[in-house]
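So this one's run19.cif, mmCIF, C-alpha atoms:
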data_coords
loop_
_atom_site.label_atom_id
_atom_site.label_comp_id
_atom_site.auth_asym_id
_atom_site.auth_seq_id
_atom_site.Cartn_x
_atom_site.Cartn_y
_atom_site.Cartn_z
CA MET D 1168 -79.07 -148.59 -45.34
CA THR D 1169 -75.71 -149.49 -43.93
CA SER D 1170 -75.38 -152.94 -42.46
CA ILE D 1171 -74.78 -153.46 -38.76
CA GLN D 1172 -71.26 -153.84 -37.44
CA VAL D 1173 -70.19 -157.39 -36.58
CA TYR D 1174 -67.77 -157.64 -33.65
CA PRO D 1175 -65.98 -160.99 -33.31
CA ALA D 1176 -65.28 -161.51 -29.61
CA ILE D 1177 -62.09 -162.64 -27.95
CA ASP D 1178 -62.41 -163.34 -24.22
CA MET D 1179 -59.03 -163.60 -22.52
CA LYS D 1180 -58.35 -165.64 -19.40
CA GLY D 1181 -54.97 -166.95 -18.26
CA GLY D 1182 -53.43 -165.64 -21.49
CA LYS D 1183 -55.69 -167.82 -23.65
CA CYS D 1184 -58.88 -167.34 -25.69
CA VAL D 1185 -61.81 -168.78 -23.79
CA ARG D 1186 -65.60 -168.66 -23.63
CA LEU D 1187 -67.60 -168.92 -20.43
CA TYR D 1188 -71.07 -170.43 -20.13
CA GLN D 1189 -73.48 -167.79 -18.75
CA GLY D 1190 -70.53 -165.91 -17.29
CA ASP D 1191 -69.53 -168.80 -15.03
CA TYR D 1192 -65.75 -168.76 -14.48
CA GLU D 1193 -65.92 -172.47 -13.61
CA GLN D 1194 -67.47 -173.33 -16.99
CA GLU D 1195 -64.90 -172.31 -19.55
CA THR D 1196 -63.84 -173.70 -22.90
CA ILE D 1197 -60.40 -172.84 -24.28
CA TYR D 1198 -60.41 -172.02 -27.99
CA GLY D 1199 -56.87 -170.84 -28.58
CA ASP D 1200 -53.52 -170.18 -26.93
CA SER D 1201 -52.98 -166.74 -28.47
CA PRO D 1202 -55.43 -163.83 -28.48
CA PHE D 1203 -53.24 -162.09 -31.06
CA ASP D 1204 -53.34 -165.03 -33.47
CA MET D 1205 -57.12 -165.23 -33.10
CA ALA D 1206 -57.47 -161.50 -33.76
CA LYS D 1207 -55.24 -161.79 -36.82
CA LYS D 1208 -57.43 -164.61 -38.13
CA PHE D 1209 -60.52 -162.44 -37.73
CA ALA D 1210 -58.77 -159.48 -39.39
CA ASP D 1211 -57.78 -161.71 -42.31
CA GLU D 1212 -61.43 -162.79 -42.66
CA GLY D 1213 -62.59 -159.19 -43.00
CA ALA D 1214 -63.24 -157.92 -39.46
CA SER D 1215 -63.07 -154.16 -39.11
CA TRP D 1216 -63.59 -154.31 -35.33
CA ILE D 1217 -62.46 -156.75 -32.63
CA HIS D 1218 -64.26 -156.98 -29.28
CA LEU D 1219 -61.82 -157.91 -26.49
CA VAL D 1220 -62.72 -158.86 -22.94
CA ASP D 1221 -60.18 -159.25 -20.13
CA LEU D 1222 -62.02 -161.81 -17.98
CA ASP D 1223 -59.28 -161.96 -15.36
CA GLY D 1224 -59.32 -158.17 -15.26
CA ALA D 1225 -63.10 -158.07 -14.82
CA LYS D 1226 -62.84 -160.39 -11.85
CA ASP D 1227 -59.73 -158.88 -10.23
CA GLY D 1228 -60.31 -155.21 -11.08
CA GLU D 1229 -57.05 -154.58 -12.92
CA LYS D 1230 -55.62 -154.71 -16.45
CA ILE D 1231 -54.31 -158.28 -16.68
CA HIS D 1232 -54.09 -158.67 -20.49
CA ALA D 1233 -53.05 -155.14 -21.43
CA ASN D 1234 -50.01 -156.29 -23.43
CA GLU D 1235 -52.11 -158.53 -25.70
CA VAL D 1236 -54.71 -155.78 -26.16
CA ILE D 1237 -52.17 -153.16 -27.17
CA ARG D 1238 -50.36 -155.50 -29.51
CA ILE D 1239 -53.62 -156.25 -31.35
CA ALA D 1240 -54.52 -152.55 -31.49
CA LYS D 1241 -51.14 -151.49 -32.80
CA GLU D 1242 -50.18 -154.34 -35.13
CA LEU D 1243 -53.44 -155.31 -36.83
CA PRO D 1244 -55.55 -153.28 -39.31
CA VAL D 1245 -58.64 -153.35 -37.09
CA SER D 1246 -60.38 -151.10 -34.61
CA VAL D 1247 -60.40 -152.45 -31.05
CA GLN D 1248 -62.76 -152.12 -28.11
CA ILE D 1249 -61.74 -153.52 -24.73
CA GLY D 1250 -63.67 -154.26 -21.56
CA GLY D 1251 -62.77 -155.90 -18.26
CA GLY D 1252 -60.76 -154.55 -15.34
CA ILE D 1253 -61.15 -150.88 -16.21
CA ARG D 1254 -61.67 -149.19 -12.87
CA SER D 1255 -60.15 -145.70 -13.14
CA LYS D 1256 -59.55 -142.71 -15.41
CA GLU D 1257 -55.92 -143.82 -15.61
CA ASP D 1258 -56.97 -147.22 -17.00
CA VAL D 1259 -59.10 -145.53 -19.66
CA GLN D 1260 -56.36 -143.09 -20.59
CA PHE D 1261 -53.78 -145.88 -20.77
CA TYR D 1262 -55.75 -147.82 -23.36
CA LEU D 1263 -56.84 -144.82 -25.43
CA GLU D 1264 -53.26 -143.51 -25.60
CA ASN D 1265 -52.00 -146.91 -26.76
CA GLY D 1266 -54.05 -147.44 -29.90
CA VAL D 1267 -57.35 -148.74 -28.50
CA ASN D 1268 -60.39 -147.12 -30.14
CA ARG D 1269 -63.05 -147.66 -27.49
CA VAL D 1270 -63.00 -148.55 -23.81
CA ILE D 1271 -65.98 -150.40 -22.34
CA ILE D 1272 -67.05 -149.34 -18.87
CA GLY D 1273 -69.13 -151.90 -16.99
CA SER D 1274 -68.89 -152.28 -13.20
CA LEU D 1275 -67.61 -148.72 -12.80
CA ALA D 1276 -70.79 -147.37 -14.42
CA ILE D 1277 -72.77 -148.74 -11.48
CA ALA D 1278 -70.20 -148.19 -8.72
CA GLN D 1279 -69.15 -144.65 -9.71
CA PRO D 1280 -71.62 -143.17 -12.22
CA GLU D 1281 -70.39 -139.61 -11.59
CA LEU D 1282 -66.84 -140.62 -12.55
CA VAL D 1283 -68.09 -142.28 -15.73
CA ALA D 1284 -70.06 -139.13 -16.59
CA GLU D 1285 -66.76 -137.22 -16.26
CA LEU D 1286 -65.02 -139.75 -18.51
CA LEU D 1287 -67.73 -139.29 -21.14
CA GLU D 1288 -67.24 -135.55 -20.98
CA GLU D 1289 -63.46 -135.78 -21.21
CA PHE D 1290 -63.00 -138.53 -23.79
CA GLY D 1291 -66.31 -138.36 -25.66
CA GLY D 1292 -69.18 -140.72 -26.33
CA ASP D 1293 -67.44 -142.31 -29.30
CA ARG D 1294 -64.59 -143.62 -27.16
CA ILE D 1295 -66.35 -144.57 -23.92
CA VAL D 1296 -68.84 -147.42 -24.34
CA ILE D 1297 -71.23 -148.33 -21.53
CA GLY D 1298 -71.32 -152.09 -20.99
CA LEU D 1299 -74.61 -153.25 -19.51
CA ASP D 1300 -74.75 -156.90 -18.53
CA ALA D 1301 -78.17 -157.85 -17.22
CA LYS D 1302 -79.72 -160.72 -15.29
CA ASP D 1303 -83.52 -160.56 -15.54
CA GLY D 1304 -83.22 -156.93 -16.61
CA MET D 1305 -81.04 -155.90 -13.66
CA VAL D 1306 -77.43 -154.89 -14.23
CA ALA D 1307 -74.73 -157.30 -13.00
CA THR D 1308 -71.20 -156.17 -12.14
CA HIS D 1309 -67.69 -157.40 -11.28
CA GLY D 1310 -67.43 -160.15 -13.87
CA TRP D 1311 -71.15 -160.90 -13.36
CA LEU D 1312 -70.49 -162.05 -9.82
CA GLU D 1313 -72.77 -159.41 -8.31
CA THR D 1314 -76.20 -158.07 -9.29
CA SER D 1315 -77.10 -154.42 -8.71
CA SER D 1316 -80.49 -152.86 -7.96
CA LYS D 1317 -80.44 -150.86 -11.22
CA SER D 1318 -82.30 -151.84 -14.40
CA ALA D 1319 -80.47 -151.75 -17.74
CA VAL D 1320 -82.95 -149.19 -19.09
CA GLU D 1321 -82.51 -146.94 -16.05
CA VAL D 1322 -78.71 -147.00 -16.33
CA GLY D 1323 -78.85 -146.53 -20.11
CA GLN D 1324 -81.08 -143.47 -19.81
CA TYR D 1325 -78.80 -141.90 -17.22
CA PHE D 1326 -75.69 -142.25 -19.36
CA ALA D 1327 -77.48 -141.15 -22.52
CA SER D 1328 -78.21 -137.92 -20.67
CA LYS D 1329 -74.48 -137.63 -19.88
CA GLY D 1330 -73.34 -137.92 -23.50
CA ALA D 1331 -72.98 -141.67 -24.01
CA LYS D 1332 -73.54 -142.81 -27.60
CA HIS D 1333 -72.86 -146.56 -27.50
CA VAL D 1334 -73.99 -149.32 -25.19
CA ILE D 1335 -73.19 -153.03 -25.29
CA PHE D 1336 -76.12 -154.99 -23.89
CA THR D 1337 -75.50 -158.55 -22.76
CA ASP D 1338 -78.30 -160.75 -21.51
CA ILE D 1339 -76.38 -163.07 -19.19
CA ALA D 1340 -79.04 -165.77 -19.43
CA THR D 1341 -78.25 -166.19 -23.14
CA ASP D 1342 -74.48 -165.57 -23.15
CA GLY D 1343 -72.43 -168.53 -24.26
CA THR D 1344 -75.57 -170.66 -24.62
CA LEU D 1345 -76.12 -170.44 -28.41
CA LEU D 1346 -79.85 -170.12 -27.65
CA GLY D 1347 -80.39 -166.91 -29.61
CA PRO D 1348 -80.24 -163.26 -28.52
CA ASN D 1349 -82.81 -161.53 -26.35
CA LEU D 1350 -84.19 -159.31 -29.13
CA ALA D 1351 -87.04 -157.91 -27.02
CA ALA D 1352 -84.69 -156.62 -24.30
CA ASN D 1353 -82.36 -155.04 -26.87
CA LYS D 1354 -85.30 -153.38 -28.63
CA GLU D 1355 -86.61 -152.03 -25.33
CA LEU D 1356 -83.20 -150.58 -24.42
CA ALA D 1357 -82.76 -148.97 -27.84
CA GLN D 1358 -86.22 -147.41 -27.79
CA ALA D 1359 -85.98 -146.21 -24.19
CA THR D 1360 -82.52 -144.63 -24.49
CA GLY D 1361 -81.86 -143.77 -28.15
CA LEU D 1362 -78.37 -145.18 -27.66
CA SER D 1363 -76.52 -147.10 -30.35
CA VAL D 1364 -77.06 -150.63 -29.00
CA ILE D 1365 -74.61 -153.45 -29.68
CA VAL D 1366 -76.30 -156.81 -29.12
CA SER D 1367 -74.30 -159.41 -27.18
CA GLY D 1368 -75.09 -162.92 -26.01
CA GLY D 1369 -76.71 -165.99 -27.49
CA ILE D 1370 -75.91 -165.60 -31.20
CA SER D 1371 -76.04 -169.13 -32.62
CA SER D 1372 -76.75 -168.90 -36.34
CA LEU D 1373 -76.82 -166.73 -39.42
CA LYS D 1374 -80.57 -166.50 -38.83
CA ASP D 1375 -79.91 -164.83 -35.45
CA LEU D 1376 -77.63 -162.32 -37.15
CA GLY D 1377 -80.29 -161.64 -39.75
CA GLU D 1378 -82.87 -161.00 -37.03
CA VAL D 1379 -80.56 -158.47 -35.36
CA ALA D 1380 -79.99 -156.79 -38.73
CA ILE D 1381 -83.76 -156.55 -39.25
CA LEU D 1382 -84.21 -155.11 -35.72
CA ALA D 1383 -81.57 -152.49 -36.55
CA LYS D 1384 -83.67 -151.15 -39.42
CA ASP D 1385 -86.35 -149.80 -37.06
CA THR D 1386 -84.29 -149.05 -33.95
CA THR D 1387 -80.93 -147.64 -32.90
CA VAL D 1388 -79.43 -151.15 -32.69
CA SER D 1389 -76.12 -150.81 -34.55
CA GLY D 1390 -74.05 -153.92 -34.05
CA VAL D 1391 -73.74 -157.47 -32.83
CA ILE D 1392 -71.04 -159.35 -30.94
CA THR D 1393 -70.45 -163.00 -31.75
CA GLY D 1394 -68.02 -165.39 -30.11
CA LYS D 1395 -68.96 -168.96 -29.33
CA ALA D 1396 -70.80 -169.53 -32.63
CA LEU D 1397 -67.62 -168.61 -34.51
CA TYR D 1398 -65.46 -170.85 -32.33
CA ASN D 1399 -67.91 -173.75 -32.68
CA ASN D 1400 -67.93 -173.31 -36.46
CA ARG D 1401 -71.65 -172.51 -36.64
CA PHE D 1402 -70.64 -170.00 -39.32
CA THR D 1403 -67.51 -168.16 -40.41
CA LEU D 1404 -66.88 -164.48 -39.87
CA THR D 1405 -66.96 -164.03 -43.65
CA GLU D 1406 -70.45 -165.57 -43.74
CA ALA D 1407 -71.55 -163.38 -40.84
CA LEU D 1408 -70.37 -160.22 -42.58
CA GLN D 1409 -72.24 -161.26 -45.73
CA GLU D 1410 -75.42 -162.08 -43.80
CA VAL D 1411 -75.84 -158.69 -42.18
CA THR D 1412 -75.53 -156.88 -45.53
CA LYS D 1413 -78.60 -158.72 -46.92
CA TRP D 1414 -81.04 -156.69 -44.86
#

In structure tokens, what does this structure look like?
Amino acid sequence: MTSIQVYPAIDMKGGKCVRLYQGDYEQETIYGDSPFDMAKKFADEGASWIHLVDLDGAKDGEKIHANEVIRIAKELPVSVQIGGGIRSKEDVQFYLENGVNRVIIGSLAIAQPELVAELLEEFGGDRIVIGLDAKDGMVATHGWLETSSKSAVEVGQYFASKGAKHVIFTDIATDGTLLGPNLAANKELAQATGLSVIVSGGISSLKDLGEVAILAKDTTVSGVITGKALYNNRFTLTEALQEVTKW
């Protein structure tokens, strides 16, 4: 039994590391002036992956923090996945050709599913990750500012049929709240789609990480993203990495 992958998260806004509360751009906390320095800290603590989000990009629909992303991908001994502001094949190609390992497609998956199916075919399911952010089970888009009429399960099943392998599932109601992850929703998505599900939102304690690791034993859940709990010193990344190997 291999342990689940832990992805420390760095959300970038205005060139700084921030966290939003339930995706609200008006409720942000700044945790650092340099995304690169934060990523280096995580790499030094044992991270093998870094989860990067370009919040300005998600809102504005363009690559705002590309320079920071590429620097992290090229200069640090970690794998990198990036989401936020990726709206075209050119955006995907740009990141993948500049050292990024995986590109996360969120809003585009709802707005142009046929294009995303083409991207999966061209670049492969290991490099294109579907990002599903849900409010009450329905997928939200454009930096969570809009809610679609599609359920997370419905969208997940469609892209699984098109060759997707990985999905990041964020329950917006729990994100940035430290109230614990929505395990039931993640389990449902994993069972309904067979996709490798990365749990995101609400992680507050080592106990939460342990519960995700236990869920992973019986489902296709494969990883967990943690941000605010690390920044609020609920646990260290080293402790998190140790916790998920216990199960």

#### Entry: Straight-line distance linking atom CA of D:Asp1221 with atom CA of D:Gly1273, stated in Å to one decimal
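According to the coordinates, atom CA of D:Asp1221 and atom CA of D:Gly1273 are separated by 12.0 Å.
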
Using only C-alpha atoms, which residues of stretch 1269-1347 of chain D come within 10 Å of stretch 1352-1368 of chain D, and what is the closest atom pair for each, with the distance in Å to one decimal? Give it as CSV, sorted by chain and residue number.
residue,atom,partner,partner_atom,distance
D:Val1296,CA,D:Ser1363,CA,9.8
D:Ile1297,CA,D:Val1364,CA,9.8
D:Gly1298,CA,D:Ile1365,CA,9.4
D:Leu1299,CA,D:Ser1367,CA,9.8
D:Asp1300,CA,D:Ser1367,CA,9.0
D:Ala1301,CA,D:Ala1352,CA,9.7
D:Asp1303,CA,D:Ala1352,CA,9.7
D:Gly1304,CA,D:Ala1352,CA,7.8
D:Ala1319,CA,D:Leu1356,CA,7.3
D:Val1320,CA,D:Leu1356,CA,5.5
D:Glu1321,CA,D:Thr1360,CA,8.8
D:Val1322,CA,D:Thr1360,CA,9.3
D:Gly1323,CA,D:Thr1360,CA,6.0
D:Gln1324,CA,D:Thr1360,CA,5.0
D:Tyr1325,CA,D:Thr1360,CA,8.6
D:Phe1326,CA,D:Thr1360,CA,8.9
D:Ala1327,CA,D:Thr1360,CA,6.4
D:Ser1328,CA,D:Thr1360,CA,8.8
D:Gly1330,CA,D:Leu1362,CA,9.8
D:Ala1331,CA,D:Leu1362,CA,7.4
D:Lys1332,CA,D:Leu1362,CA,5.4
D:His1333,CA,D:Ser1363,CA,4.7
D:Val1334,CA,D:Val1364,CA,5.1
D:Ile1335,CA,D:Ile1365,CA,4.6
D:Phe1336,CA,D:Val1366,CA,5.5
D:Thr1337,CA,D:Ser1367,CA,4.7
D:Asp1338,CA,D:Gly1368,CA,5.9
D:Ile1339,CA,D:Gly1368,CA,6.9
D:Ala1340,CA,D:Gly1368,CA,8.2
D:Thr1341,CA,D:Gly1368,CA,5.4
D:Asp1342,CA,D:Gly1368,CA,3.9
D:Gly1343,CA,D:Gly1368,CA,6.5
D:Thr1344,CA,D:Gly1368,CA,7.9
D:Leu1345,CA,D:Gly1368,CA,8.0
D:Leu1346,CA,D:Gly1368,CA,8.8
D:Gly1347,CA,D:Gly1368,CA,7.5

### Message
Can you measure atom CA of D:Ala1307 to atom CA of D:Ser1371 for me? One decimal in Å is fine.
### Response
22.9 Å

### Task
Could you expand the PyMOL selection byres ((chain D and resi 1170-1186) around 6) into the explicit residues it covers here, written as a PyMOL selection string?
chain D and resi 1169+1187+1195-1202+1216-1223+1389-1394+1411-1412

#### Entry: Option closest in space to D:Glu1264, from D:Leu1286, D:Ala1278, D:Ala1240, D:Ala1383 [counting only C-alpha atoms]
D:Ala1240

### Task
Pick out the closest residue to D:Val1259 from this set: D:Lys1241, D:His1309, D:Lys1413, D:Arg1294. Count all atoms listed in the file.
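Of D:Lys1241, D:His1309, D:Lys1413, D:Arg1294, the one nearest D:Val1259, counting all atoms listed in the file, is D:Arg1294.
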
### Pick from D:Arg1238, D:Lys1302, D:Lys1317, D:Lys1226, whichever lies nearest to D:Arg1254 using only C-alpha atoms
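Among the listed residues, the smallest separation from D:Arg1254 belongs to D:Lys1226.
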
### Message
One decimal, in Å: what's the spacing between atom CA of D:Leu1243 and atom CA of D:Thr1403?
### Response
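That distance, rounded to one decimal, is 19.4 Å.
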
### Task
Identify which of the residues D:Tyr1262, D:Val1388, D:Ala1210, D:Phe1203 lies closest to D:Ile1239, counting all atoms listed in the file when measuring atom-to-atom distances.
D:Phe1203

Distance query D:Glu1410 at most 8 Å, all atoms listed in the file, self and fewer than 6 positions along chain excluded, as a PDB file with C-alpha atoms, keeping the file's coordinate frame:
ATOM      1  CA  LEU D1373     -76.820-166.730 -39.420  1.00  0.00           C
ATOM      2  CA  LEU D1376     -77.630-162.320 -37.150  1.00  0.00           C
ATOM      3  CA  GLY D1377     -80.290-161.640 -39.750  1.00  0.00           C
TER       4      GLY D1377
END

### Query
Using all atoms listed in the file, which of the listed residues (D:Lys1207, D:Lys1395, D:Lys1230, D:Arg1401) sits closest to D:Pro1244?
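Smallest separation from D:Pro1244 among the options: D:Lys1207.
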
### Message
I need the residue nearest D:Ser1255 from this list: D:Glu1406, D:Asp1211, D:Glu1313, D:Glu1229. Use all atoms listed in the file for the distance.
### Response
D:Glu1229

Give me stretch 1287-1305 of chain D with N, CA and C atoms filled in, as an mmCIF file, in the coordinates of the input.
data_model
loop_
_atom_site.group_PDB
_atom_site.id
_atom_site.type_symbol
_atom_site.label_atom_id
_atom_site.label_comp_id
_atom_site.auth_asym_id
_atom_site.auth_seq_id
_atom_site.Cartn_x
_atom_site.Cartn_y
_atom_site.Cartn_z
ATOM 1 N N LEU D 1287 -67.003 -139.559 -19.895
ATOM 2 C CA LEU D 1287 -67.730 -139.290 -21.140
ATOM 3 C C LEU D 1287 -67.470 -137.858 -21.598
ATOM 4 N N GLU D 1288 -67.474 -136.944 -20.631
ATOM 5 C CA GLU D 1288 -67.240 -135.550 -20.980
ATOM 6 C C GLU D 1288 -65.823 -135.333 -21.489
ATOM 7 N N GLU D 1289 -64.864 -135.989 -20.846
ATOM 8 C CA GLU D 1289 -63.460 -135.780 -21.210
ATOM 9 C C GLU D 1289 -63.059 -136.483 -22.507
ATOM 10 N N PHE D 1290 -63.475 -137.745 -22.653
ATOM 11 C CA PHE D 1290 -63.000 -138.530 -23.790
ATOM 12 C C PHE D 1290 -64.018 -138.654 -24.923
ATOM 13 N N GLY D 1291 -65.289 -138.364 -24.622
ATOM 14 C CA GLY D 1291 -66.310 -138.360 -25.660
ATOM 15 C C GLY D 1291 -67.069 -139.675 -25.768
ATOM 16 N N GLY D 1292 -68.304 -139.556 -26.230
ATOM 17 C CA GLY D 1292 -69.180 -140.720 -26.330
ATOM 18 C C GLY D 1292 -68.792 -141.722 -27.387
ATOM 19 N N ASP D 1293 -67.881 -141.334 -28.289
ATOM 20 C CA ASP D 1293 -67.440 -142.310 -29.300
ATOM 21 C C ASP D 1293 -66.344 -143.219 -28.776
ATOM 22 N N ARG D 1294 -65.723 -142.841 -27.665
ATOM 23 C CA ARG D 1294 -64.590 -143.620 -27.160
ATOM 24 C C ARG D 1294 -64.889 -144.354 -25.848
ATOM 25 N N ILE D 1295 -65.922 -143.913 -25.162
ATOM 26 C CA ILE D 1295 -66.350 -144.570 -23.920
ATOM 27 C C ILE D 1295 -67.656 -145.298 -24.210
ATOM 28 N N VAL D 1296 -67.646 -146.617 -24.098
ATOM 29 C CA VAL D 1296 -68.840 -147.420 -24.340
ATOM 30 C C VAL D 1296 -69.353 -147.942 -22.995
ATOM 31 N N ILE D 1297 -70.645 -147.813 -22.763
ATOM 32 C CA ILE D 1297 -71.230 -148.330 -21.530
ATOM 33 C C ILE D 1297 -71.572 -149.811 -21.754
ATOM 34 N N GLY D 1298 -71.039 -150.662 -20.900
ATOM 35 C CA GLY D 1298 -71.320 -152.090 -20.990
ATOM 36 C C GLY D 1298 -72.365 -152.476 -19.955
ATOM 37 N N LEU D 1299 -73.543 -152.847 -20.425
ATOM 38 C CA LEU D 1299 -74.610 -153.250 -19.510
ATOM 39 C C LEU D 1299 -74.845 -154.745 -19.639
ATOM 40 N N ASP D 1300 -74.543 -155.459 -18.579
ATOM 41 C CA ASP D 1300 -74.750 -156.900 -18.530
ATOM 42 C C ASP D 1300 -75.901 -157.144 -17.564
ATOM 43 N N ALA D 1301 -76.960 -157.775 -18.044
ATOM 44 C CA ALA D 1301 -78.170 -157.850 -17.220
ATOM 45 C C ALA D 1301 -78.617 -159.283 -16.944
ATOM 46 N N LYS D 1302 -79.048 -159.481 -15.709
ATOM 47 C CA LYS D 1302 -79.720 -160.720 -15.290
ATOM 48 C C LYS D 1302 -81.160 -160.343 -14.981
ATOM 49 N N ASP D 1303 -82.099 -160.894 -15.735
ATOM 50 C CA ASP D 1303 -83.520 -160.560 -15.540
ATOM 51 C C ASP D 1303 -83.751 -159.052 -15.562
ATOM 52 N N GLY D 1304 -83.029 -158.365 -16.458
ATOM 53 C CA GLY D 1304 -83.220 -156.930 -16.610
ATOM 54 C C GLY D 1304 -82.421 -156.059 -15.673
ATOM 55 N N MET D 1305 -81.823 -156.668 -14.636
ATOM 56 C CA MET D 1305 -81.040 -155.900 -13.660
ATOM 57 C C MET D 1305 -79.557 -156.019 -13.990
#
